[in-house]
file final10.cif (mmCIF, C-alpha atoms and all ligand atoms)
data_coords
#
loop_
_atom_site.label_atom_id
_atom_site.label_comp_id
_atom_site.auth_asym_id
_atom_site.auth_seq_id
_atom_site.Cartn_x
_atom_site.Cartn_y
_atom_site.Cartn_z
CA MET A 618 115.52 100.35 121.43
CA SER A 619 115.13 97.40 119.00
CA ALA A 620 113.33 97.88 115.68
CA THR A 621 109.66 97.01 115.37
CA ARG A 622 109.23 93.53 113.93
CA PHE A 623 106.49 91.95 111.81
CA PHE A 624 105.10 88.52 112.75
CA ALA A 625 102.54 86.41 110.92
CA LEU A 626 100.16 84.47 113.17
CA VAL A 627 98.19 81.71 111.42
CA PRO A 628 95.21 80.26 113.30
CA ALA A 629 94.97 76.63 112.13
CA ALA A 630 93.17 74.94 115.00
CA GLY A 631 89.73 74.64 113.42
CA VAL A 632 88.05 71.44 112.29
CA GLY A 633 86.47 72.65 109.05
CA SER A 634 83.01 71.36 109.88
CA ARG A 635 81.43 73.09 106.85
CA SER A 636 84.01 71.80 104.36
CA GLY A 637 82.57 68.34 103.79
CA HIS A 638 85.98 66.75 104.37
CA ALA A 639 86.68 64.01 106.91
CA ILE A 640 89.90 65.68 108.08
CA PRO A 641 90.51 69.29 109.23
CA LYS A 642 90.35 71.37 106.06
CA GLN A 643 93.85 72.84 106.45
CA TYR A 644 95.22 69.34 105.72
CA VAL A 645 93.20 68.61 102.59
CA ALA A 646 95.44 68.15 99.53
CA LEU A 647 95.19 70.83 96.84
CA ALA A 648 97.30 70.81 93.68
CA GLY A 649 99.66 68.27 95.24
CA LEU A 650 100.26 69.99 98.60
CA SER A 651 98.28 70.41 101.80
CA LEU A 652 96.10 73.51 101.87
CA ILE A 653 98.11 75.02 104.71
CA SER A 654 101.40 74.50 102.80
CA HIS A 655 100.19 76.94 100.15
CA THR A 656 99.24 79.48 102.83
CA LEU A 657 102.57 79.23 104.62
CA ALA A 658 104.59 79.34 101.39
CA ALA A 659 102.94 82.67 100.51
CA LEU A 660 103.70 84.12 103.95
CA GLN A 661 107.29 82.90 103.85
CA ALA A 662 107.79 84.76 100.57
CA VAL A 663 106.89 88.13 102.16
CA PRO A 664 110.21 89.95 102.65
CA GLU A 665 108.93 92.22 105.44
CA LEU A 666 107.92 89.32 107.72
CA ASP A 667 110.40 88.30 110.42
CA GLN A 668 108.76 85.03 111.50
CA THR A 669 105.52 83.01 111.26
CA LEU A 670 103.75 81.28 114.15
CA VAL A 671 101.13 78.61 113.39
CA VAL A 672 98.52 77.94 116.08
CA LEU A 673 97.52 74.28 116.09
CA ALA A 674 94.93 72.33 118.06
CA PRO A 675 96.47 70.70 121.17
CA GLU A 676 95.79 67.22 119.76
CA ASP A 677 97.06 67.99 116.22
CA ASP A 678 99.23 65.16 114.88
CA ARG A 679 99.18 66.06 111.17
CA PHE A 680 101.10 69.33 110.81
CA GLU A 681 104.68 68.03 110.52
CA ALA A 682 103.76 65.53 107.80
CA ALA A 683 101.60 68.09 105.99
CA VAL A 684 104.26 70.83 105.97
CA PRO A 685 107.63 69.06 105.91
CA GLY A 686 110.61 71.29 106.62
CA PHE A 687 108.55 74.22 107.96
CA SER A 688 111.05 76.72 109.39
CA GLY A 689 108.60 78.85 111.38
CA TRP A 690 107.20 78.32 114.86
CA THR A 691 104.26 76.16 115.91
CA ALA A 692 102.27 76.29 119.16
CA ARG A 693 99.68 73.67 120.11
CA CYS A 694 97.55 76.17 121.99
CA GLY A 695 94.41 76.48 119.82
CA GLY A 696 91.15 77.25 121.60
CA ALA A 697 87.43 76.65 121.16
CA SER A 698 86.97 79.65 118.85
CA ARG A 699 89.13 81.44 116.29
CA ALA A 700 89.42 84.45 118.64
CA GLU A 701 90.65 82.20 121.47
CA SER A 702 93.20 80.58 119.15
CA VAL A 703 94.51 83.99 118.08
CA ALA A 704 94.68 85.23 121.69
CA ALA A 705 96.64 82.12 122.69
CA GLY A 706 98.92 82.63 119.69
CA LEU A 707 99.69 86.18 120.81
CA GLN A 708 100.75 84.82 124.20
CA ALA A 709 102.96 82.24 122.42
CA LEU A 710 104.59 85.08 120.46
CA ARG A 711 105.28 86.97 123.71
CA GLU A 712 106.91 83.82 125.13
CA ARG A 713 109.18 83.73 122.06
CA GLY A 714 110.32 87.32 122.55
CA ALA A 715 107.83 89.43 120.59
CA ALA A 716 107.24 92.90 122.06
CA PRO A 717 103.93 94.73 122.59
CA ASN A 718 104.90 97.23 119.90
CA ASP A 719 105.62 94.59 117.23
CA TRP A 720 103.11 94.17 114.42
CA VAL A 721 101.18 90.90 114.14
CA LEU A 722 99.54 89.92 110.85
CA VAL A 723 96.82 87.36 111.59
CA HIS A 724 96.03 85.24 108.54
CA ASP A 725 93.52 82.37 108.25
CA ALA A 726 95.19 79.07 107.33
CA ALA A 727 92.09 78.58 105.17
CA ARG A 728 92.95 81.49 102.81
CA CYS A 729 95.52 79.55 100.79
CA LEU A 730 95.37 81.66 97.63
CA LEU A 731 97.15 84.53 99.34
CA ARG A 732 99.84 86.25 97.30
CA PRO A 733 102.94 87.78 98.97
CA GLU A 734 102.48 91.11 97.18
CA TRP A 735 99.05 91.64 98.79
CA VAL A 736 100.66 91.24 102.22
CA SER A 737 103.44 93.67 101.34
CA ARG A 738 100.81 96.21 100.23
CA LEU A 739 98.91 95.81 103.51
CA ILE A 740 102.13 96.42 105.45
CA ALA A 741 103.08 99.43 103.32
CA GLU A 742 99.66 101.04 103.79
CA CYS A 743 99.27 100.30 107.53
CA ARG A 744 102.74 100.46 109.09
CA ASP A 745 102.38 104.19 109.80
CA ASP A 746 98.73 103.94 110.83
CA ALA A 747 97.96 104.56 114.51
CA VAL A 748 95.61 101.55 114.65
CA GLY A 749 96.40 99.03 111.89
CA GLY A 750 94.23 97.50 109.19
CA LEU A 751 93.09 94.61 107.07
CA LEU A 752 92.70 93.33 103.54
CA ALA A 753 89.09 93.58 102.40
CA LEU A 754 86.95 93.38 99.28
CA PRO A 755 84.49 96.14 98.33
CA LEU A 756 81.11 94.46 97.70
CA ALA A 757 80.24 94.10 94.01
CA ASP A 758 76.80 92.50 94.36
CA THR A 759 73.48 94.00 95.43
CA LEU A 760 73.02 93.19 99.10
CA LYS A 761 69.79 91.74 100.58
CA ARG A 762 68.68 91.47 104.17
CA ALA A 763 66.52 88.34 104.58
CA GLU A 764 64.41 86.39 107.00
CA GLY A 765 64.84 82.75 106.08
CA MET A 766 64.69 82.72 102.28
CA GLN A 767 62.48 85.83 101.96
CA VAL A 768 64.03 89.19 101.12
CA GLN A 769 63.10 91.89 103.60
CA GLN A 770 65.17 94.75 102.26
CA THR A 771 67.89 95.80 99.80
CA VAL A 772 70.75 97.29 101.77
CA ASP A 773 72.88 100.17 100.50
CA ARG A 774 76.14 98.43 99.62
CA ARG A 775 78.21 101.52 98.83
CA ALA A 776 79.96 101.51 102.20
CA MET A 777 80.12 97.72 102.56
CA TRP A 778 83.32 95.67 102.48
CA ALA A 779 83.92 91.95 103.06
CA ALA A 780 86.73 91.49 105.59
CA GLN A 781 89.59 89.20 104.60
CA THR A 782 92.94 88.44 106.19
CA PRO A 783 95.74 89.25 106.95
CA GLN A 784 94.59 91.70 109.60
CA MET A 785 97.48 93.66 111.08
CA PHE A 786 97.65 95.23 114.54
CA ARG A 787 100.24 95.86 117.24
CA LEU A 788 100.62 92.83 119.50
CA GLY A 789 99.84 94.69 122.74
CA LEU A 790 96.72 96.40 121.39
CA LEU A 791 95.40 93.19 119.83
CA ALA A 792 95.99 91.18 123.01
CA GLN A 793 94.03 93.80 124.95
CA ALA A 794 91.22 93.77 122.35
CA LEU A 795 90.96 89.95 122.43
CA SER A 796 91.21 89.58 126.20
CA GLN A 797 87.46 88.94 126.53
CA PRO A 798 86.19 87.95 123.08
CA GLY A 799 82.41 87.67 122.80
CA GLU A 800 80.45 85.97 120.00
CA ALA A 801 80.36 89.18 117.95
CA ILE A 802 84.16 89.11 117.63
CA THR A 803 84.59 87.19 114.38
CA ASP A 804 87.84 88.82 113.29
CA GLU A 805 90.65 90.91 114.81
CA ALA A 806 89.25 94.14 113.38
CA SER A 807 85.92 93.69 115.18
CA ALA A 808 87.79 93.33 118.48
CA ILE A 809 89.73 96.52 117.75
CA GLU A 810 86.50 98.32 116.75
CA ALA A 811 85.00 97.33 120.11
CA LEU A 812 87.72 99.49 121.70
CA GLY A 813 86.35 102.47 119.74
CA LEU A 814 89.14 102.41 117.14
CA SER A 815 88.89 102.43 113.34
CA PRO A 816 91.07 99.96 111.36
CA ARG A 817 92.20 100.94 107.84
CA LEU A 818 90.82 99.02 104.83
CA VAL A 819 93.21 97.91 102.09
CA ALA A 820 91.51 96.64 98.94
CA ALA A 821 92.29 93.04 97.95
CA PRO A 822 90.98 90.70 95.24
CA LEU A 823 88.15 88.17 95.47
CA GLU A 824 90.83 85.50 94.88
CA ASN A 825 91.85 85.85 98.54
CA PHE A 826 88.72 83.94 99.57
CA LYS A 827 88.44 81.66 102.58
CA LEU A 828 87.89 77.97 101.76
CA THR A 829 84.77 77.21 103.76
CA LEU A 830 82.25 75.10 101.77
CA PRO A 831 82.87 71.99 99.61
CA ALA A 832 82.73 73.89 96.29
CA ASP A 833 85.48 76.27 97.46
CA PHE A 834 88.03 73.44 97.33
CA GLU A 835 87.37 72.63 93.68
CA LEU A 836 87.68 76.30 92.73
CA ALA A 837 90.90 76.72 94.73
CA GLU A 838 92.41 73.63 93.12
CA ARG A 839 91.66 75.00 89.65
CA LEU A 840 93.14 78.40 90.48
CA LEU A 841 96.28 76.89 92.02
CA ARG A 842 96.84 74.57 89.07
CA THR A 843 96.56 77.38 86.51
CA ARG A 844 98.82 79.86 88.31
CA PRO A 845 102.08 80.65 86.54
N1 LIG B 1 88.81 77.21 117.19
C1 LIG B 1 89.32 77.64 116.03
C2 LIG B 1 88.49 77.85 114.91
C3 LIG B 1 89.08 78.28 113.72
N2 LIG B 1 90.41 78.46 113.65
C4 LIG B 1 91.03 78.84 112.38
O1 LIG B 1 90.48 80.07 111.92
C5 LIG B 1 90.50 80.10 110.49
C6 LIG B 1 89.16 80.57 109.92
O2 LIG B 1 88.12 79.81 110.48
P1 LIG B 1 87.06 78.93 109.68
O3 LIG B 1 87.20 79.10 108.24
O4 LIG B 1 85.73 79.12 110.30
O5 LIG B 1 87.61 77.46 110.01
P2 LIG B 1 86.96 76.28 110.83
O6 LIG B 1 86.52 76.76 112.18
O7 LIG B 1 87.95 75.18 110.78
O8 LIG B 1 85.70 75.91 109.91
P3 LIG B 1 84.20 75.57 110.34
O9 LIG B 1 83.67 76.84 110.97
O10 LIG B 1 83.55 75.21 109.05
O11 LIG B 1 84.26 74.43 111.32
C7 LIG B 1 90.85 78.68 110.01
O12 LIG B 1 92.16 78.72 109.48
C8 LIG B 1 90.75 77.84 111.26
O13 LIG B 1 91.66 76.74 111.31
C9 LIG B 1 91.22 78.26 114.77
O14 LIG B 1 92.42 78.45 114.70
N3 LIG B 1 90.64 77.87 115.96
C1 LIG B 2 88.42 86.30 109.95
C2 LIG B 2 87.53 86.13 108.76
O1 LIG B 2 88.16 85.32 107.78
C3 LIG B 2 87.29 87.49 108.13
O2 LIG B 2 86.39 87.38 107.07
C4 LIG B 2 86.22 85.51 109.12
O3 LIG B 2 85.52 86.33 110.01
C5 LIG B 2 86.36 84.11 109.71
O4 LIG B 2 85.07 83.57 109.71
P1 LIG B 2 84.58 82.27 110.46
O5 LIG B 2 83.47 82.76 111.33
O6 LIG B 2 85.73 81.73 111.23
O7 LIG B 2 84.08 81.39 109.39
#

call {"tool": "encode", "arguments": {"input": "final10.cif", "output": "structure tokens", "more": "lines below"}}
Ligand SMILES: Nc1ccn([C@@H]2O[C@H](COP(=O)(O)OP(=O)(O)OP(=O)(O)O)[C@@H](O)[C@H]2O)c(=O)n1
Ligand SMILES: C[C@](O)(CO)[C@H](O)COP(=O)(O)O
result
Amino acid sequence: MSATRFFALVPAAGVGSRSGHAIPKQYVALAGLSLISHTLAALQAVPELDQTLVVLAPEDDRFEAAVPGFSGWTARCGGASRAESVAAGLQALRERGAAPNDWVLVHDAARCLLRPEWVSRLIAECRDDAVGGLLALPLADTLKRAEGMQVQQTVDRRAMWAAQTPQMFRLGLLAQALSQPGEAITDEASAIEALGLSPRLVAAPLENFKLTLPADFELAERLLRTRP
């Protein structure tokens, strides 16, 4: 029997409608490189990973110029939602020889401040777990439930975590979990939870944030430019 492998799957088929940029946010230039170049460089520096697959929109004509010399795989099979893009990416991995028992680490293209050592820690802490797990940030702020702009309640934050990526599950289990994604499935872990399973949390820093709103790009640029 062949050894279990580790694949990164990077959904990059979104349009970045909240980013304020005229082009898909993964192609915005940050510190001299496209956003997605930073993301892929971090993944390619993770020694445990065997290969990376990037899921692009079917009409994408920017990737090759934005990431020259990329040695991983690309598949132009992105869907209407992130969950659909990830599900299509899992199928693309199967077509390239990945097995149901292999681990898949799904990582947002839009989290470009990722550091290889955080991914290695996730793998070390989850590779013997029966389910899998994800990087996440324990909440540091007091949490409010609101209606519009009026606070209704302060929520006990002690058990609250903000989910990040990578999120790591076995290919076969994740494909089953994402086979009929509803609107409540906003990450891989929520699909796994819907099967009645409990993913493991691995603490990660705030710096692993997802670039979503215009101000996030300025902050990411500053952080990238001041990294050693
Ligand atoms: N149909 C989609 C939607 C999102 N993504 C990817 O999923 C990641 C996280 O999604 P998000 O930050 O919401 O990106 P966008 O959908 O591009 O942003 P927005 O919601 O602002 O349009 C991104 O890397 C994005 O490219 C994807 O592959 N396919
Ligand atoms: C997967 C994710 O990054 C975990 O926090 C997040 O759910 C993606 O969010 P979005 O709905 O695509 O903005």

call {"tool": "residues_near_ligand", "arguments": {"input": "final10.cif", "ligand": "ligand LIG 2 (chain B)", "cutoff": "7 Å", "atoms": "all atoms listed in the file", "output": "MDAnalysis selection string"}}
result
chainID A and resid 699 725 779:782 803:804 827

call {"tool": "write_last_selection", "arguments": {"input": "final10.cif", "atoms": "C-alpha atoms", "output": "short mmCIF file (atom, residue, chain, number, x, y, z; two decimals), in the coordinates of the input"}}
result
data_model
loop_
_atom_site.label_atom_id
_atom_site.label_comp_id
_atom_site.auth_asym_id
_atom_site.auth_seq_id
_atom_site.Cartn_x
_atom_site.Cartn_y
_atom_site.Cartn_z
CA ARG A 699 89.13 81.44 116.29
CA ASP A 725 93.52 82.37 108.25
CA ALA A 779 83.92 91.95 103.06
CA ALA A 780 86.73 91.49 105.59
CA GLN A 781 89.59 89.20 104.60
CA THR A 782 92.94 88.44 106.19
CA THR A 803 84.59 87.19 114.38
CA ASP A 804 87.84 88.82 113.29
CA LYS A 827 88.44 81.66 102.58
#

call {"tool": "atom_distance", "arguments": {"input": "final10.cif", "atom1": "CA of Asp719 (chain A)", "atom2": "CA of Pro755 (chain A)"}}
result
28.4 Å

call {"tool": "residues_around", "arguments": {"input": "final10.cif", "residues": "Ala659 (chain A)", "least_positions_apart": "6", "cutoff": "8 Å", "atoms": "all atoms listed in the file", "output": "ChimeraX atom specification"}}
result
/A:731-733

call {"tool": "atom_distance", "arguments": {"input": "final10.cif", "atom1": "CA of Gly799 (chain A)", "atom2": "CA of Leu812 (chain A)"}}
result
13.0 Å

call {"tool": "closest_residue", "arguments": {"input": "final10.cif", "among": "A:Leu823, A:Ala697, A:Ala811, A:Ala715", "to": "Ala837 (chain A)", "atoms": "only C-alpha atoms"}}
result
A:Leu823

call {"tool": "residues_around", "arguments": {"input": "final10.cif", "residues": "Thr759 (chain A)", "least_positions_apart": "4", "cutoff": "9 Å", "atoms": "only C-alpha atoms", "output": "JSON, numbers by chain"}}
result
{"A": [771, 772, 773, 774]}

call {"tool": "atom_distance", "arguments": {"input": "final10.cif", "atom1": "CA of Cys729 (chain A)", "atom2": "CA of Leu650 (chain A)"}}
result
10.9 Å

call {"tool": "residues_near_point", "arguments": {"input": "final10.cif", "point": "(87.1, 74.5, 95.6)", "cutoff": "12 Å", "atoms": "only C-alpha atoms", "output": "PyMOL selection string"}}
result
chain A and resi 636-638+642+645-648+652+727-730+824+826-842

call {"tool": "residues_around", "arguments": {"input": "final10.cif", "residues": "Glu742 (chain A)", "least_positions_apart": "5", "cutoff": "10 Å", "atoms": "all atoms listed in the file", "output": "mmCIF file with C-alpha atoms, in the frame of the given file"}}
result
data_model
loop_
_atom_site.group_PDB
_atom_site.id
_atom_site.type_symbol
_atom_site.label_atom_id
_atom_site.label_comp_id
_atom_site.auth_asym_id
_atom_site.auth_seq_id
_atom_site.Cartn_x
_atom_site.Cartn_y
_atom_site.Cartn_z
ATOM 1 C CA VAL A 736 100.660 91.240 102.220
ATOM 2 C CA SER A 737 103.440 93.670 101.340
ATOM 3 C CA GLY A 749 96.400 99.030 111.890
ATOM 4 C CA GLY A 750 94.230 97.500 109.190
ATOM 5 C CA LEU A 751 93.090 94.610 107.070
ATOM 6 C CA ARG A 817 92.200 100.940 107.840
ATOM 7 C CA LEU A 818 90.820 99.020 104.830
ATOM 8 C CA VAL A 819 93.210 97.910 102.090
#

call {"tool": "residues_around", "arguments": {"input": "final10.cif", "residues": "Trp690 (chain A)", "least_positions_apart": "6", "cutoff": "7 Å", "atoms": "all atoms listed in the file", "output": "ChimeraX atom specification"}}
result
/A:669-671

call {"tool": "residues_near_point", "arguments": {"input": "final10.cif", "point": "(107.3, 85.9, 113.9)", "cutoff": "10 Å", "atoms": "all atoms listed in the file", "output": "PyMOL selection string"}}
result
chain A and resi 622-626+666-671+689-690+710+713-715+719-722

call {"tool": "closest_residue", "arguments": {"input": "final10.cif", "among": "A:Ala682, A:Ser702, A:Leu739, A:Ile802", "to": "ligand LIG 1 (chain B)", "atoms": "all atoms listed in the file"}}
result
A:Ser702

call {"tool": "closest_residue", "arguments": {"input": "final10.cif", "among": "A:Gly696, A:Pro685, A:Pro845, A:Gly813", "to": "Ser654 (chain A)", "atoms": "only C-alpha atoms"}}
result
A:Pro685

call {"tool": "closest_residue", "arguments": {"input": "final10.cif", "among": "A:Val684, A:Ala692, A:Ala629, A:Ala705", "to": "Ser651 (chain A)", "atoms": "all atoms listed in the file"}}
result
A:Val684

call {"tool": "decode", "arguments": {"input": "final10.cif", "residues": "region 751-775 of chain A", "atoms": "N, CA and C atoms", "output": "PDB file, in the first residue's frame"}}
result
ATOM      1  N   LEU A 751      -8.184  22.239  11.797  1.00  0.00           N
ATOM      2  CA  LEU A 751      -8.025  23.538  11.131  1.00  0.00           C
ATOM      3  C   LEU A 751      -7.249  24.504  12.011  1.00  0.00           C
ATOM      4  N   LEU A 752      -6.596  25.465  11.362  1.00  0.00           N
ATOM      5  CA  LEU A 752      -6.036  26.590  12.104  1.00  0.00           C
ATOM      6  C   LEU A 752      -7.174  27.510  12.514  1.00  0.00           C
ATOM      7  N   ALA A 753      -7.064  28.075  13.700  1.00  0.00           N
ATOM      8  CA  ALA A 753      -8.126  28.957  14.200  1.00  0.00           C
ATOM      9  C   ALA A 753      -7.551  29.871  15.270  1.00  0.00           C
ATOM     10  N   LEU A 754      -8.266  30.971  15.491  1.00  0.00           N
ATOM     11  CA  LEU A 754      -7.811  32.005  16.432  1.00  0.00           C
ATOM     12  C   LEU A 754      -8.805  32.114  17.589  1.00  0.00           C
ATOM     13  N   PRO A 755      -8.341  31.897  18.834  1.00  0.00           N
ATOM     14  CA  PRO A 755      -9.259  32.095  19.962  1.00  0.00           C
ATOM     15  C   PRO A 755      -9.656  33.564  20.048  1.00  0.00           C
ATOM     16  N   LEU A 756     -10.936  33.856  20.243  1.00  0.00           N
ATOM     17  CA  LEU A 756     -11.396  35.259  20.215  1.00  0.00           C
ATOM     18  C   LEU A 756     -10.839  36.039  21.399  1.00  0.00           C
ATOM     19  N   ALA A 757     -10.324  37.247  21.114  1.00  0.00           N
ATOM     20  CA  ALA A 757      -9.730  38.077  22.158  1.00  0.00           C
ATOM     21  C   ALA A 757     -10.632  39.249  22.532  1.00  0.00           C
ATOM     22  N   ASP A 758     -11.647  39.506  21.739  1.00  0.00           N
ATOM     23  CA  ASP A 758     -12.524  40.651  21.991  1.00  0.00           C
ATOM     24  C   ASP A 758     -13.842  40.187  22.610  1.00  0.00           C
ATOM     25  N   THR A 759     -14.505  41.099  23.322  1.00  0.00           N
ATOM     26  CA  THR A 759     -15.852  40.813  23.812  1.00  0.00           C
ATOM     27  C   THR A 759     -16.781  40.732  22.601  1.00  0.00           C
ATOM     28  N   LEU A 760     -17.681  39.760  22.643  1.00  0.00           N
ATOM     29  CA  LEU A 760     -18.477  39.424  21.466  1.00  0.00           C
ATOM     30  C   LEU A 760     -19.917  39.878  21.661  1.00  0.00           C
ATOM     31  N   LYS A 761     -20.456  40.613  20.679  1.00  0.00           N
ATOM     32  CA  LYS A 761     -21.830  41.142  20.759  1.00  0.00           C
ATOM     33  C   LYS A 761     -22.707  40.513  19.699  1.00  0.00           C
ATOM     34  N   ARG A 762     -23.929  40.151  20.097  1.00  0.00           N
ATOM     35  CA  ARG A 762     -24.940  39.796  19.099  1.00  0.00           C
ATOM     36  C   ARG A 762     -25.755  41.063  18.848  1.00  0.00           C
ATOM     37  N   ALA A 763     -26.038  41.372  17.564  1.00  0.00           N
ATOM     38  CA  ALA A 763     -26.699  42.647  17.249  1.00  0.00           C
ATOM     39  C   ALA A 763     -27.874  42.453  16.307  1.00  0.00           C
ATOM     40  N   GLU A 764     -28.764  43.414  16.330  1.00  0.00           N
ATOM     41  CA  GLU A 764     -29.755  43.550  15.255  1.00  0.00           C
ATOM     42  C   GLU A 764     -29.479  44.903  14.636  1.00  0.00           C
ATOM     43  N   GLY A 765     -29.100  44.906  13.357  1.00  0.00           N
ATOM     44  CA  GLY A 765     -28.646  46.155  12.752  1.00  0.00           C
ATOM     45  C   GLY A 765     -27.445  46.645  13.537  1.00  0.00           C
ATOM     46  N   MET A 766     -27.494  47.912  13.997  1.00  0.00           N
ATOM     47  CA  MET A 766     -26.369  48.459  14.748  1.00  0.00           C
ATOM     48  C   MET A 766     -26.685  48.533  16.246  1.00  0.00           C
ATOM     49  N   GLN A 767     -27.701  47.800  16.705  1.00  0.00           N
ATOM     50  CA  GLN A 767     -28.045  47.827  18.124  1.00  0.00           C
ATOM     51  C   GLN A 767     -27.665  46.509  18.784  1.00  0.00           C
ATOM     52  N   VAL A 768     -26.888  46.611  19.864  1.00  0.00           N
ATOM     53  CA  VAL A 768     -26.500  45.403  20.599  1.00  0.00           C
ATOM     54  C   VAL A 768     -27.721  44.785  21.253  1.00  0.00           C
ATOM     55  N   GLN A 769     -27.850  43.470  21.096  1.00  0.00           N
ATOM     56  CA  GLN A 769     -28.926  42.743  21.754  1.00  0.00           C
ATOM     57  C   GLN A 769     -28.413  41.967  22.960  1.00  0.00           C
ATOM     58  N   GLN A 770     -27.136  41.560  22.881  1.00  0.00           N
ATOM     59  CA  GLN A 770     -26.633  40.661  23.913  1.00  0.00           C
ATOM     60  C   GLN A 770     -25.107  40.577  23.835  1.00  0.00           C
ATOM     61  N   THR A 771     -24.463  40.382  24.992  1.00  0.00           N
ATOM     62  CA  THR A 771     -23.037  40.024  24.996  1.00  0.00           C
ATOM     63  C   THR A 771     -22.941  38.506  25.121  1.00  0.00           C
ATOM     64  N   VAL A 772     -22.196  37.924  24.185  1.00  0.00           N
ATOM     65  CA  VAL A 772     -22.139  36.461  24.089  1.00  0.00           C
ATOM     66  C   VAL A 772     -20.889  35.966  24.804  1.00  0.00           C
ATOM     67  N   ASP A 773     -21.015  34.874  25.530  1.00  0.00           N
ATOM     68  CA  ASP A 773     -19.845  34.284  26.204  1.00  0.00           C
ATOM     69  C   ASP A 773     -18.827  33.849  25.156  1.00  0.00           C
ATOM     70  N   ARG A 774     -17.650  34.483  25.186  1.00  0.00           N
ATOM     71  CA  ARG A 774     -16.665  34.212  24.122  1.00  0.00           C
ATOM     72  C   ARG A 774     -15.691  33.097  24.483  1.00  0.00           C
ATOM     73  N   ARG A 775     -15.804  32.548  25.714  1.00  0.00           N
ATOM     74  CA  ARG A 775     -14.730  31.661  26.169  1.00  0.00           C
ATOM     75  C   ARG A 775     -14.553  30.428  25.291  1.00  0.00           C
TER      76      ARG A 775
END
